[in-house]
Structure formats: structure tokens, C-alpha cells
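Structure file final-v6.txt; described as compact mmCIF, C-alpha atoms.
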# COMPACT_ATOMS: atom_id res chain seq x y z
CA MET A 1 124.39 97.89 104.92
CA TYR A 2 123.28 99.10 108.35
CA LEU A 3 123.78 96.62 111.19
CA VAL A 4 122.76 96.95 114.84
CA ARG A 5 125.88 96.18 116.87
CA ASP A 6 124.99 96.94 120.51
CA ILE A 7 122.49 95.53 122.99
CA GLY A 8 120.97 98.95 123.70
CA GLY A 9 120.13 99.49 120.03
CA ALA A 10 118.69 95.98 119.78
CA ILE A 11 116.43 96.52 122.80
CA ALA A 12 115.28 99.86 121.38
CA LEU A 13 114.31 98.11 118.12
CA MET A 14 112.49 95.43 120.12
CA ALA A 15 110.47 98.12 121.90
CA VAL A 16 109.46 99.83 118.64
CA SER A 17 108.66 96.46 117.08
CA LEU A 18 106.52 95.56 120.09
CA VAL A 19 104.31 98.63 119.58
CA LEU A 20 104.03 98.15 115.81
CA LEU A 21 103.26 94.42 115.98
CA GLY A 22 100.70 95.04 118.71
CA THR A 23 98.89 97.71 116.69
CA TRP A 24 98.34 96.26 113.21
CA PRO A 25 96.02 93.44 114.43
CA VAL A 26 93.74 96.08 115.92
CA VAL A 27 93.39 97.84 112.57
CA LEU A 28 92.34 94.64 110.79
CA ALA A 29 89.98 93.71 113.64
CA VAL A 30 88.27 97.11 113.31
CA LEU A 31 87.59 96.42 109.62
CA GLU A 32 86.16 92.96 110.34
CA ARG A 33 83.84 94.41 112.97
CA ARG A 34 82.67 97.00 110.44
CA GLY A 35 81.69 94.24 108.04
CA ARG A 36 84.56 94.32 105.54
CA LEU A 37 85.28 90.85 104.22
CA PRO A 38 88.54 89.37 105.58
CA GLN A 39 89.53 88.26 102.07
CA HIS A 40 89.42 91.86 100.83
CA THR A 41 91.28 93.14 103.87
CA TYR A 42 94.05 90.56 103.68
CA LEU A 43 94.67 91.14 99.98
CA ASP A 44 95.22 94.85 100.68
CA TYR A 45 97.37 94.02 103.70
CA CYS A 46 99.63 91.74 101.63
CA ILE A 47 100.51 94.52 99.20
CA THR A 48 101.93 97.01 101.69
CA ASN A 49 103.42 94.26 103.87
CA PHE A 50 105.65 93.33 100.92
CA LEU A 51 106.32 96.96 100.04
CA ALA A 52 107.54 97.53 103.61
CA ALA A 53 110.17 94.81 103.13
CA LEU A 54 111.23 96.38 99.84
CA LEU A 55 111.45 99.82 101.47
CA VAL A 56 113.60 98.55 104.34
CA ALA A 57 115.87 96.61 101.97
CA LEU A 58 116.42 99.59 99.66
CA THR A 59 117.19 101.94 102.57
CA PHE A 60 118.83 100.17 105.54
CA GLY A 61 120.07 97.39 103.25
CA GLN A 62 121.96 99.87 101.05
CA ILE A 63 123.48 102.08 103.77
CA GLY A 64 127.22 101.82 104.32
CA GLY A 65 129.97 99.84 102.69
CA ASP A 66 129.49 96.87 100.37
CA THR A 67 131.99 94.14 101.34
CA PRO A 68 132.25 90.48 100.30
CA GLU A 69 131.46 89.40 103.89
CA THR A 70 128.46 91.74 104.30
CA PRO A 71 127.16 92.65 100.85
CA ASN A 72 124.43 95.21 100.39
CA PHE A 73 120.92 94.12 99.46
CA LEU A 74 121.09 94.72 95.70
CA THR A 75 124.53 93.09 95.47
CA GLN A 76 123.39 89.93 97.24
CA LEU A 77 120.21 89.82 95.19
CA THR A 78 122.41 89.04 92.17
CA GLN A 79 124.15 86.18 94.02
CA MET A 80 121.20 83.80 94.19
CA GLN A 81 123.30 80.94 92.81
CA ASP A 82 125.51 81.16 95.91
CA ASN A 83 122.84 81.37 98.62
CA TRP A 84 119.79 79.55 97.26
CA PRO A 85 119.55 77.30 100.39
CA SER A 86 119.21 80.44 102.52
CA ILE A 87 116.59 81.78 100.11
CA LEU A 88 114.55 78.59 100.60
CA PHE A 89 114.78 78.90 104.40
CA ALA A 90 113.69 82.54 104.24
CA MET A 91 110.78 81.74 101.93
CA SER A 92 109.64 78.84 104.10
CA GLY A 93 109.56 81.26 107.02
CA GLY A 94 107.39 83.59 104.93
CA VAL A 95 104.98 80.74 104.18
CA PHE A 96 104.64 79.93 107.89
CA ASN A 97 104.12 83.61 108.71
CA GLY A 98 101.47 83.98 105.99
CA LEU A 99 99.53 80.96 107.22
CA GLY A 100 99.73 82.17 110.82
CA THR A 101 98.54 85.67 109.97
CA LEU A 102 95.66 84.34 107.89
CA ALA A 103 94.50 82.06 110.70
CA THR A 104 94.89 84.85 113.24
CA GLN A 105 92.52 87.08 111.27
CA TYR A 106 89.73 84.53 111.73
CA GLY A 107 90.78 83.82 115.31
CA TRP A 108 90.15 87.46 116.32
CA ALA A 109 86.47 87.06 115.48
CA PHE A 110 85.96 83.72 117.23
CA VAL A 111 88.11 84.18 120.32
CA GLY A 112 88.59 87.93 120.60
CA LEU A 113 91.58 90.13 119.87
CA SER A 114 93.21 89.86 123.30
CA VAL A 115 93.06 86.08 123.78
CA THR A 116 94.00 85.35 120.16
CA GLU A 117 97.17 87.42 120.39
CA VAL A 118 98.09 85.99 123.79
CA MET A 119 97.68 82.35 122.81
CA ALA A 120 99.33 82.68 119.39
CA SER A 121 102.26 84.65 120.77
CA SER A 122 102.73 82.29 123.70
CA LEU A 123 102.84 79.23 121.47
CA LYS A 124 105.31 81.01 119.21
CA VAL A 125 107.59 81.72 122.15
CA VAL A 126 107.36 78.28 123.74
CA ILE A 127 108.22 76.50 120.48
CA GLY A 128 110.07 79.13 118.45
CA THR A 129 112.23 80.58 121.22
CA THR A 130 113.40 77.13 122.28
CA LEU A 131 114.42 76.34 118.70
CA ASN A 132 116.15 79.73 118.31
CA TYR A 133 118.08 79.25 121.54
CA PHE A 134 119.78 76.14 120.19
CA LEU A 135 120.16 77.55 116.66
CA ASP A 136 121.89 80.65 118.08
CA GLY A 137 124.53 78.52 119.79
CA ARG A 138 123.00 79.11 123.24
CA ILE A 139 124.19 82.72 123.33
CA ASN A 140 121.27 83.74 125.54
CA LYS A 141 121.35 83.11 129.27
CA ALA A 142 119.40 79.87 129.72
CA GLU A 143 118.81 80.44 133.43
CA ILE A 144 116.97 83.65 132.50
CA LEU A 145 115.51 82.73 129.09
CA PHE A 146 113.60 79.58 129.97
CA PRO A 147 111.80 80.94 133.05
CA GLY A 148 110.55 83.62 130.65
CA VAL A 149 109.39 80.93 128.23
CA GLY A 150 107.59 79.28 131.15
CA CYS A 151 105.79 82.53 131.90
CA PHE A 152 104.61 82.69 128.28
CA LEU A 153 103.32 79.11 128.55
CA ILE A 154 101.35 79.99 131.68
CA ALA A 155 99.97 83.06 129.90
CA ALA A 156 98.77 80.86 127.01
CA CYS A 157 96.92 78.56 129.42
CA LEU A 158 95.36 81.55 131.16
CA GLY A 159 94.35 82.92 127.75
CA SER A 160 92.31 79.82 126.95
CA LEU A 161 90.61 80.10 130.37
CA VAL A 162 89.84 83.79 129.73
CA HIS A 163 88.19 82.89 126.43
CA SER A 164 86.09 80.10 127.95
CA SER A 165 85.02 82.30 130.86
CA ASN A 166 84.15 85.25 128.62
CA ALA A 167 82.22 83.01 126.22
CA ALA A 168 80.18 81.70 129.16
CA ASP A 169 79.54 85.29 130.30
CA ASN A 170 78.29 86.27 126.84
CA GLN A 171 76.04 83.24 126.60
CA GLU A 172 74.53 84.09 129.99
CA LYS A 173 73.90 87.68 128.86
CA LEU A 174 72.13 86.51 125.69
CA SER A 175 70.05 83.92 127.56
CA SER A 176 69.00 86.48 130.18
CA ALA A 177 68.09 88.98 127.49
CA MET A 178 65.94 86.40 125.67
CA VAL A 179 64.12 85.53 128.90
CA ASN A 180 63.50 89.21 129.69
CA HIS A 181 62.16 89.92 126.21
CA THR A 182 59.84 86.93 126.44
CA ASN A 183 58.55 87.68 129.94
CA THR A 184 57.90 91.34 129.31
CA ASN A 185 56.40 90.83 125.85
CA GLY A 186 58.86 93.44 124.65
CA ASP A 187 60.12 94.13 121.21
CA THR A 188 60.42 90.78 119.40
CA LYS A 189 62.52 92.27 116.65
CA ASN A 190 65.74 91.75 118.65
CA GLU A 191 64.69 88.17 119.44
CA GLU A 192 64.13 87.42 115.77
CA LEU A 193 67.41 89.08 114.93
CA THR A 194 69.28 86.97 117.48
CA LYS A 195 67.74 83.79 116.11
CA HIS A 196 68.61 84.86 112.58
CA LEU A 197 72.22 85.62 113.47
CA LEU A 198 72.71 82.33 115.27
CA ASP A 199 71.63 80.41 112.18
CA LYS A 200 74.68 78.71 110.62
CA ASP A 201 73.52 78.14 107.07
CA GLU A 202 75.62 78.10 103.89
CA PRO A 203 77.73 81.21 103.22
CA LYS A 204 75.85 84.06 101.58
CA ASP A 205 76.96 86.36 98.80
CA SER A 206 78.67 89.56 99.88
CA GLU A 207 75.77 91.67 98.64
CA GLU A 208 73.26 89.80 100.81
CA ILE A 209 75.05 90.70 104.03
CA LYS A 210 73.99 94.34 103.66
CA SER A 211 70.44 93.52 104.74
CA ASP A 212 71.75 91.94 107.98
CA VAL A 213 73.82 95.02 108.74
CA SER A 214 70.84 97.30 108.13
CA LEU A 215 68.59 95.18 110.31
CA ALA A 216 71.07 95.17 113.18
CA ALA A 217 71.62 98.90 112.94
CA GLN A 218 67.89 99.57 113.17
CA ALA A 219 67.34 97.23 116.11
CA VAL A 220 69.22 99.27 118.70
CA GLU A 221 70.34 102.86 118.36
CA LYS A 222 72.39 103.40 121.50
CA LEU A 223 74.18 100.35 122.86
CA GLU A 224 76.47 99.95 125.82
CA ALA A 225 79.51 97.71 125.34
CA GLY A 226 79.19 94.35 127.02
CA THR A 227 75.38 94.15 126.96
CA ALA A 228 73.42 91.46 125.16
CA ASP A 229 72.07 93.99 122.65
CA PHE A 230 75.62 95.14 121.94
CA LEU A 231 76.69 91.56 121.19
CA VAL A 232 73.73 91.01 118.88
CA ASP A 233 74.27 94.30 117.09
CA LEU A 234 77.97 93.55 116.63
CA GLU A 235 77.11 90.14 115.21
CA GLY A 236 74.86 91.79 112.65
CA LYS A 237 77.58 94.17 111.44
CA ARG A 238 80.67 91.96 111.43
CA SER A 239 81.71 89.86 108.45
CA ILE A 240 82.51 86.67 110.41
CA LYS A 241 79.50 85.35 112.33
CA VAL A 242 80.55 83.81 115.65
CA LEU A 243 77.57 83.72 118.04
CA GLY A 244 76.64 80.13 118.79
CA SER A 245 79.85 78.73 117.29
CA ASN A 246 81.82 75.90 118.88
CA THR A 247 84.36 77.17 121.42
CA PHE A 248 86.95 74.65 120.25
CA LEU A 249 86.72 75.90 116.65
CA GLY A 250 88.15 79.28 117.66
CA LEU A 251 90.78 77.75 119.92
CA GLY A 252 91.77 75.34 117.13
CA ILE A 253 92.25 78.21 114.67
CA VAL A 254 94.37 80.11 117.19
CA ALA A 255 96.47 77.02 118.00
CA PHE A 256 97.18 76.54 114.28
CA ALA A 257 98.21 80.19 114.04
CA GLY A 258 100.53 79.86 117.03
CA VAL A 259 102.28 76.77 115.67
CA SER A 260 102.72 78.43 112.26
CA TYR A 261 104.14 81.56 113.87
CA SER A 262 106.53 79.49 115.99
CA LEU A 263 108.34 78.20 112.88
CA PHE A 264 108.93 81.37 110.89
CA SER A 265 111.57 82.89 113.19
CA PRO A 266 113.76 79.72 113.36
CA ALA A 267 113.53 79.46 109.55
CA PHE A 268 114.64 83.08 109.23
CA ASN A 269 117.44 82.39 111.71
CA LEU A 270 118.69 79.54 109.53
CA ALA A 271 118.50 81.78 106.46
CA THR A 272 120.76 84.46 107.95
CA ASN A 273 123.20 82.38 110.03
CA ASP A 274 123.44 79.04 108.16
CA GLN A 275 123.74 76.93 111.31
CA TRP A 276 123.22 73.78 109.22
CA HIS A 277 126.10 74.73 106.86
CA THR A 278 124.11 74.44 103.66
CA LEU A 279 126.03 77.20 101.85
CA ARG A 280 129.16 76.39 99.86
CA GLU A 281 132.46 77.20 101.55
CA GLY A 282 133.35 80.87 101.25
CA ALA A 283 129.83 82.05 100.36
CA PRO A 284 128.71 84.99 102.55
CA HIS A 285 125.75 84.50 104.84
CA MET A 286 122.52 86.07 103.67
CA VAL A 287 122.12 89.51 105.21
CA VAL A 288 118.99 90.21 107.21
CA TYR A 289 117.55 92.59 104.58
CA THR A 290 117.88 90.14 101.69
CA ALA A 291 116.38 87.37 103.82
CA PHE A 292 113.50 89.63 104.83
CA PHE A 293 112.82 90.46 101.18
CA HIS A 294 112.51 86.76 100.23
CA PHE A 295 110.56 86.09 103.44
CA SER A 296 108.02 88.80 102.58
CA ALA A 297 107.79 87.75 98.94
CA ALA A 298 106.77 84.23 99.97
CA CYS A 299 104.31 85.62 102.53
CA PHE A 300 102.81 87.82 99.81
CA ALA A 301 102.45 84.90 97.36
CA VAL A 302 100.77 82.65 99.93
CA GLY A 303 98.44 85.41 101.13
CA VAL A 304 97.30 86.38 97.64
CA ALA A 305 96.83 82.80 96.44
CA LEU A 306 94.80 81.66 99.46
CA ASN A 307 92.63 84.77 99.67
CA VAL A 308 91.78 84.74 95.97
CA TRP A 309 90.66 81.14 96.56
CA PHE A 310 88.65 82.21 99.63
CA LEU A 311 86.90 84.91 97.58
CA TYR A 312 85.04 82.16 95.74
CA ARG A 313 85.19 79.39 98.36
CA PRO A 314 85.01 81.13 101.76
CA MET A 315 85.22 79.32 105.08
CA VAL A 316 83.50 79.59 108.49
CA GLY A 317 80.37 81.20 107.03
CA VAL A 318 82.04 84.26 105.48
CA PRO A 319 80.09 85.65 102.46
CA ARG A 320 81.30 84.82 98.96
CA SER A 321 82.89 87.51 96.85
CA SER A 322 84.88 87.95 93.62
CA LEU A 323 87.91 89.76 92.26
CA ALA A 324 85.63 92.37 90.70
CA ALA A 325 83.91 92.97 94.05
CA TYR A 326 87.30 93.25 95.76
CA LEU A 327 88.52 95.86 93.28
CA ARG A 328 85.35 97.90 93.86
CA ASP A 329 85.59 97.69 97.65
CA TRP A 330 87.40 100.88 98.68
CA LYS A 331 85.73 101.21 102.08
CA GLY A 332 88.43 100.57 104.68
CA ARG A 333 91.18 99.95 102.11
CA ASP A 334 93.33 102.73 103.54
CA LEU A 335 93.32 101.07 106.98
CA ALA A 336 94.15 97.65 105.53
CA LEU A 337 97.07 99.12 103.58
CA LEU A 338 98.27 100.91 106.72
CA ALA A 339 98.13 97.65 108.72
CA GLY A 340 100.31 95.88 106.17
CA MET A 341 102.96 98.61 106.31
CA VAL A 342 102.95 98.70 110.13
CA CYS A 343 103.31 94.90 110.37
CA GLY A 344 106.08 94.83 107.77
CA LEU A 345 108.13 97.44 109.62
CA GLY A 346 107.52 95.67 112.94
CA ASN A 347 108.82 92.37 111.55
CA ALA A 348 111.85 94.10 110.01
CA PHE A 349 112.84 95.69 113.32
CA GLN A 350 112.38 92.38 115.14
CA PHE A 351 114.73 90.61 112.72
CA MET A 352 117.29 93.43 112.87
CA ALA A 353 117.30 93.18 116.68
CA GLY A 354 117.50 89.39 116.54
CA GLN A 355 120.57 89.46 114.34
CA ALA A 356 122.32 91.59 116.96
CA ALA A 357 121.11 90.13 120.27
CA GLY A 358 119.86 86.68 119.35
CA TYR A 359 116.50 85.68 117.90
CA ALA A 360 115.46 84.01 121.14
CA ALA A 361 115.73 87.33 123.00
CA ALA A 362 114.05 89.19 120.14
CA ASP A 363 110.99 87.01 120.74
CA ALA A 364 110.28 89.40 123.61
CA VAL A 365 108.26 91.34 121.02
CA GLN A 366 105.71 88.54 121.32
CA ALA A 367 104.49 90.47 124.35
CA LEU A 368 102.59 92.43 121.68
CA PRO A 369 99.24 91.28 123.18
CA LEU A 370 99.83 93.86 125.92
CA VAL A 371 99.36 96.52 123.24
CA SER A 372 96.54 94.68 121.48
CA THR A 373 94.65 94.09 124.73
CA VAL A 374 94.73 97.77 125.62
CA TRP A 375 93.38 98.62 122.15
CA GLY A 376 90.76 95.86 122.40
CA ILE A 377 89.45 97.09 125.73
CA VAL A 378 89.51 100.79 124.77
CA LEU A 379 88.17 100.52 121.20
CA PHE A 380 86.00 97.40 121.28
CA GLY A 381 84.83 97.21 124.87
CA GLU A 382 86.14 93.66 125.20
CA TYR A 383 85.34 92.08 128.59
CA ARG A 384 83.00 94.93 129.49
CA ARG A 385 80.38 93.72 132.01
CA SER A 386 82.13 90.36 132.34
CA SER A 387 82.26 88.29 135.52
CA ARG A 388 84.77 88.74 138.32
CA ARG A 389 86.29 85.39 137.37
CA THR A 390 86.98 86.65 133.83
CA TYR A 391 88.58 89.86 135.13
CA THR A 392 90.80 87.89 137.52
CA LEU A 393 91.96 85.56 134.75
CA LEU A 394 92.54 88.50 132.39
CA GLY A 395 94.64 90.36 134.95
CA SER A 396 96.69 87.24 135.69
CA MET A 397 97.27 86.65 131.97
CA LEU A 398 98.55 90.20 131.41
CA PHE A 399 100.77 90.04 134.50
CA MET A 400 102.45 86.87 133.25
CA PHE A 401 103.00 88.56 129.89
CA VAL A 402 104.72 91.59 131.44
CA LEU A 403 106.92 89.30 133.50
CA ALA A 404 107.79 87.14 130.47
CA MET A 405 108.69 90.17 128.33
CA VAL A 406 111.07 91.58 130.96
CA ILE A 407 112.76 88.21 131.48
CA LEU A 408 113.30 87.55 127.76
CA MET A 409 114.82 90.99 127.20
CA ALA A 410 117.11 90.40 130.18
CA SER A 411 118.46 87.26 128.49
CA SER A 412 119.91 89.27 125.56
CA ALA A 413 123.57 88.70 124.70
CA HIS A 414 125.99 89.58 121.89
CA ARG A 415 125.98 87.19 118.92
CA LYS A 416 129.24 85.36 118.40
CA PRO A 417 130.57 84.70 114.87
CA LEU A 418 129.64 81.24 113.62
As C-alpha cells, the full file:
Amino acid sequence: MYLVRDIGGAIALMAVSLVLLGTWPVVLAVLERRGRLPQHTYLDYCITNFLAALLVALTFGQIGGDTPETPNFLTQLTQMQDNWPSILFAMSGGVFNGLGTLATQYGWAFVGLSVTEVMASSLKVVIGTTLNYFLDGRINKAEILFPGVGCFLIAACLGSLVHSSNAADNQEKLSSAMVNHTNTNGDTKNEELTKHLLDKDEPKDSEEIKSDVSLAAQAVEKLEAGTADFLVDLEGKRSIKVLGSNTFLGLGIVAFAGVSYSLFSPAFNLATNDQWHTLREGAPHMVVYTAFFHFSAACFAVGVALNVWFLYRPMVGVPRSSLAAYLRDWKGRDLALLAGMVCGLGNAFQFMAGQAAGYAAADAVQALPLVSTVWGIVLFGEYRRSSRRTYTLLGSMLFMFVLAMVILMASSAHRKPL
């Protein structure tokens, strides 16, 4: 079994994990903006997310010697009777991660990719890092760690202000566009389209959404990001309709995601280090690769079960679908499968680094919104043509994130045997 034993290697894994965990949300957000149903996307994502855990376990988990103290993955998989409490901790972490990821997918649409990732990650750090600090026997430098946690908390507050400010900017753009269309007796097709898209009726079947997409595509041919026509056109194409929705609905979804995320890392920590002494005397601790396998299996089960349910009983106005429609939907499947693999590898590297340098320090990868925000601005034109107030808040939010990431990495320390 391969173990990371030095701080330099742990920090390198954190850096790679940061890039991977900041990239996969962008891939799923692209598919939602193209109109692919989130239920279809998440089902595909779940498959490769679990396969990534299996791949890591069968490679890194099988490298090196197989000893009673640090058994290889396949050896420990046959010892379930000795470490079933750790299995339950790992699986509970997978459940929390699955719920958080599912909520995040809807949060991207309502709040935007950048703010969703910032708020969810900040809540995870504020709650999860504090729990990990005490679970790890306070191996991280508290005088460095907790100022970093404070920076994440400030970033979360700034994220909510960015969302509110940007939502107000968008509403002003739409209102101004409606007034201009009315005063100039211009093309009323966009006005009718806007009214149609703002209508929050019962969810429609997945086939019916095609007419909305076609209508939006015909309304405007060349659109500049950040304009009112761009927002209306995007609303017509995307699978989750958000214009005119309650601001607190999106923030509530993101807050739920953040709290769920905050619990999966402490649960994984308990699975691999047994701080509560639930294992029988003499039983080896669960290695990180075996724990990650059970963690991902639970995440897979929760994701599949909930999204099959959402196919037939969707929420927040998403069109209904079916298993047959999902199996026929190959458009964008390659990207969804790629996102699952990227996320799975990112989580694996985070846990490998945490086992070496402490899970509290490994939470530095929650600076992943830095990566997601860059993608969101470059690919989606987020915050284009926004107000100066929004830009100021956005810049302040990102600055606090950079500062928090540096501080948390600086708090890294060698893990002591329990």
C-alpha cells in the first residue's frame, strides 16, 4: 500500500486535488446550461465517481508490502468483521458527500457557479475543519489554522453578498430591457419569451422542453454575455429555470450543501483513525483506500437512488423524465462521465494528503472556487456587465479565499500515531 509520508508530498497532492475538485463542477454546469437534465447528468457522474475509487484502491492500495498493521486494499476488504464500525463511518461520509453534491448541482443554477462553490466550501471549512482539528489530536498549528478558518467564514459572507448584488444587477437589466422594448415598439417576441420563462408552473415532461430551447435560440442569434437578451436566451436553453425565483431558495440549497459537505471529511477521519476507539483491540485501522472505497460506494448508492426518484418526481421545476429516456440520452454523457472520474480522483488525493498532514490542513483544497470562478468567468461570462459593487465584492471574496488557502496549508504538520 502506498502512503504519503512527507509534508511536501502531501502539499503536492493538495495542489493537484485543488485543480481537479475545482474543475469537475464546471463540466456539470456546462451540461445544465446546455439543457441536459440534472438527473441524467448525475446518474452518469455517479458511475465513474465510484469507478475512480475502485481504480485508486486497486493501484495505490495494492502497491508495496502487505503487513498486519497496514494491510493492502484487497486484504482488508476480507476483514469486514474486524472493522465494520470504520466501514459505517466511511459510508456515512459518502452519504453526506452524495447529498452535498446533489444539492450543489441545483445550487449552480440558482446562485451561479462561483458563489455556490465559495459558500459551500466555506461552510465545509468552518464546520468540518474545526471538527477535524480536534479529531486529529490538534496536530495542526491552531494559531495558524483558525485565522485561516476565519478567512473562509468571511469569504462565505462575501459570497452571499455577491449573489444578492448580482441578482439585483440581472433584475435591473431585465427590467430595463422590458421598458426599452415597450417604448420602442420593438420585437415583442423576446418580451413574450421572457414572460413565458418566468412562469413557474408545474414541471413539464422532458420532451416538452425542446420547444422552449428552439424558441430561445431563434429569438437572438448573436448575444453578448451579461446582457438581458443573453440572460433570457440562457434561461430558455438551461434545464433548471431560475429567472424570477426566490433568492433565499438558492441560498438555502447552497447552505444545505455546505453543511452536508462539512460532515463527510470528519466521518472519513473517524473511519481511518478510530479516534473514538470503536474497533476491537488489536484490529488494524482502516487504510485510506479501503475507507475511500466504502465512502464512494455509499455515495454511489445515494446518488442513484435519489436521482432515479427525481426522474419521475423532479424538484424546482425540472422536467420529468424516465429510465428509458435516460438510457437514450447520450448527448453530453461523455462530459458527465469525465466529471465523475475527475471528482473521484480529486477526493482520493485529498484523503491521501489528509492522512499524512492532517485532514484539517487538507481542507485547503476547499479553495477550489478559485478554479471554478476562473472557469465560470471565462466560459459562462458570469458577472459580465455587472455593477461596480458586485465586482468589488467578487474581488474581496476571491482575495479572502487565496489568503485562507495559504494559511491552511501553512498549518500542516506530521500526523502522530494514535
Nearest residue to Ala109 of chain A from the set A:Leu323, A:Val342, A:Ala29, A:Val149 (distances using only C-alpha atoms):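 Going through A:Leu323, A:Val342, A:Ala29, A:Val149 one by one, the smallest distance to Ala109 of chain A is for A:Ala29.
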Residue with smallest distance to Gly137 of chain A - pool A:Leu270, A:Met352, A:Leu311, A:Val318, counting all atoms listed in the file: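 Among A:Leu270, A:Met352, A:Leu311, A:Val318, it is A:Leu270 that comes nearest to Gly137 of chain A.
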Interatomic distance (Å, one decimal) between atom CA of Leu153 of chain A and atom CA of Ala120 of chain A: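 Taking atom CA of Leu153 of chain A and atom CA of Ala120 of chain A, their separation equals 10.6 Å.
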Counting all atoms listed in the file, the residue of A:Asn97, A:Leu379, A:Leu398, A:Ala353 that sits nearest Ile7 of chain A: A:Ala353
Among listed residues A:Ala267, A:Val95, A:Cys151, A:Cys343, nearest Ala53 of chain A (using only C-alpha atoms): A:Cys343
Residues within 9 Å of Asn49 of chain A, all atoms listed in the file, excluding chain neighbours under 3 positions, as a list in words: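 Counting only the stated atoms, we get Asp44, Tyr45, Cys46, Ala52, Ala53, Ser296, Cys299, Phe300, Leu337, Leu338, Ala339, Gly340, Met341, Val342, Cys343, Gly344 and Leu345 of chain A.
Here atom CA of Ile127 of chain A is placed at a distance of 24.4 Å from atom CA of Val287 of chain A.
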Closest of A:Leu20, A:Leu368, A:Ala103, A:Leu263 to Pro38 of chain A - atom-to-atom distances counting only C-alpha atoms: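 Counting only C-alpha atoms, the residue closest to Pro38 of chain A is A:Ala103.
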Å distance separating atom CA of Gln39 of chain A from atom CA of Leu306 of chain A, one decimal place: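 Value for the atom CA of Gln39 of chain A-atom CA of Leu306 of chain A distance: 8.8 Å.
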Nearby residues (only C-alpha atoms) at most 12 Å from Phe134 of chain A, same-chain spacing under 4 positions excluded, as number ranges by chain: A: 127-130, 138-142, 145, 266, 269-270, 275-276, 358-360
Hey, what's within 8 Å of Thr278 of chain A if we count only C-alpha atoms and toss same-chain stuff fewer than 3 positions away? As a PDB file with C-alpha atoms, keeping the file's coordinate frame, please?
ATOM      1  CA  PRO A  85     119.550  77.300 100.390  1.00  0.00           C
ATOM      2  CA  SER A  86     119.210  80.440 102.520  1.00  0.00           C
ATOM      3  CA  ASP A 274     123.440  79.040 108.160  1.00  0.00           C
TER       4      ASP A 274
END
Among the residues A:Phe268, A:Tyr2, A:Phe146, A:Phe89, the one that comes closest to Val56 of chain A [using all atoms listed in the file]: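 Checking each of A:Phe268, A:Tyr2, A:Phe146, A:Phe89 against Val56 of chain A, counting all atoms listed in the file, the winner is A:Tyr2.
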Close residues, Val259 of chain A itself excluded, 10 Å, all atoms listed in the file, min 5 positions apart in chain, as a PyMOL selection string: chain A and resi 96-97+99-100+120-128+254+264
With C-alpha atoms retained, could you export that selection as a compact mmCIF listing (two decimals), keeping the file's coordinate frame?
# COMPACT_ATOMS: atom_id res chain seq x y z
CA PHE A 96 104.64 79.93 107.89
CA ASN A 97 104.12 83.61 108.71
CA LEU A 99 99.53 80.96 107.22
CA GLY A 100 99.73 82.17 110.82
CA ALA A 120 99.33 82.68 119.39
CA SER A 121 102.26 84.65 120.77
CA SER A 122 102.73 82.29 123.70
CA LEU A 123 102.84 79.23 121.47
CA LYS A 124 105.31 81.01 119.21
CA VAL A 125 107.59 81.72 122.15
CA VAL A 126 107.36 78.28 123.74
CA ILE A 127 108.22 76.50 120.48
CA GLY A 128 110.07 79.13 118.45
CA VAL A 254 94.37 80.11 117.19
CA PHE A 264 108.93 81.37 110.89
Distance query Asn273 of chain A at most 10 Å, all atoms listed in the file, self and fewer than 6 positions along chain excluded, as a PyMOL selection string: chain A and resi 86+135-136+284-288+355+417-418
Mind dumping a table of every segment 291-332 of chain A residue within 12 Å of segment 69-77 of chain A, with the nearest atom pair and its distance in Å to one decimal, using all atoms listed in the file, sorted by chain and rising number, as CSV?
residue,atom,partner,partner_atom,distance
A:Ala291,CA,A:Phe73,CA,9.2
A:Phe292,CA,A:Phe73,CA,10.2
A:Phe293,CA,A:Phe73,CA,9.1
A:His294,CA,A:Leu77,CA,9.7
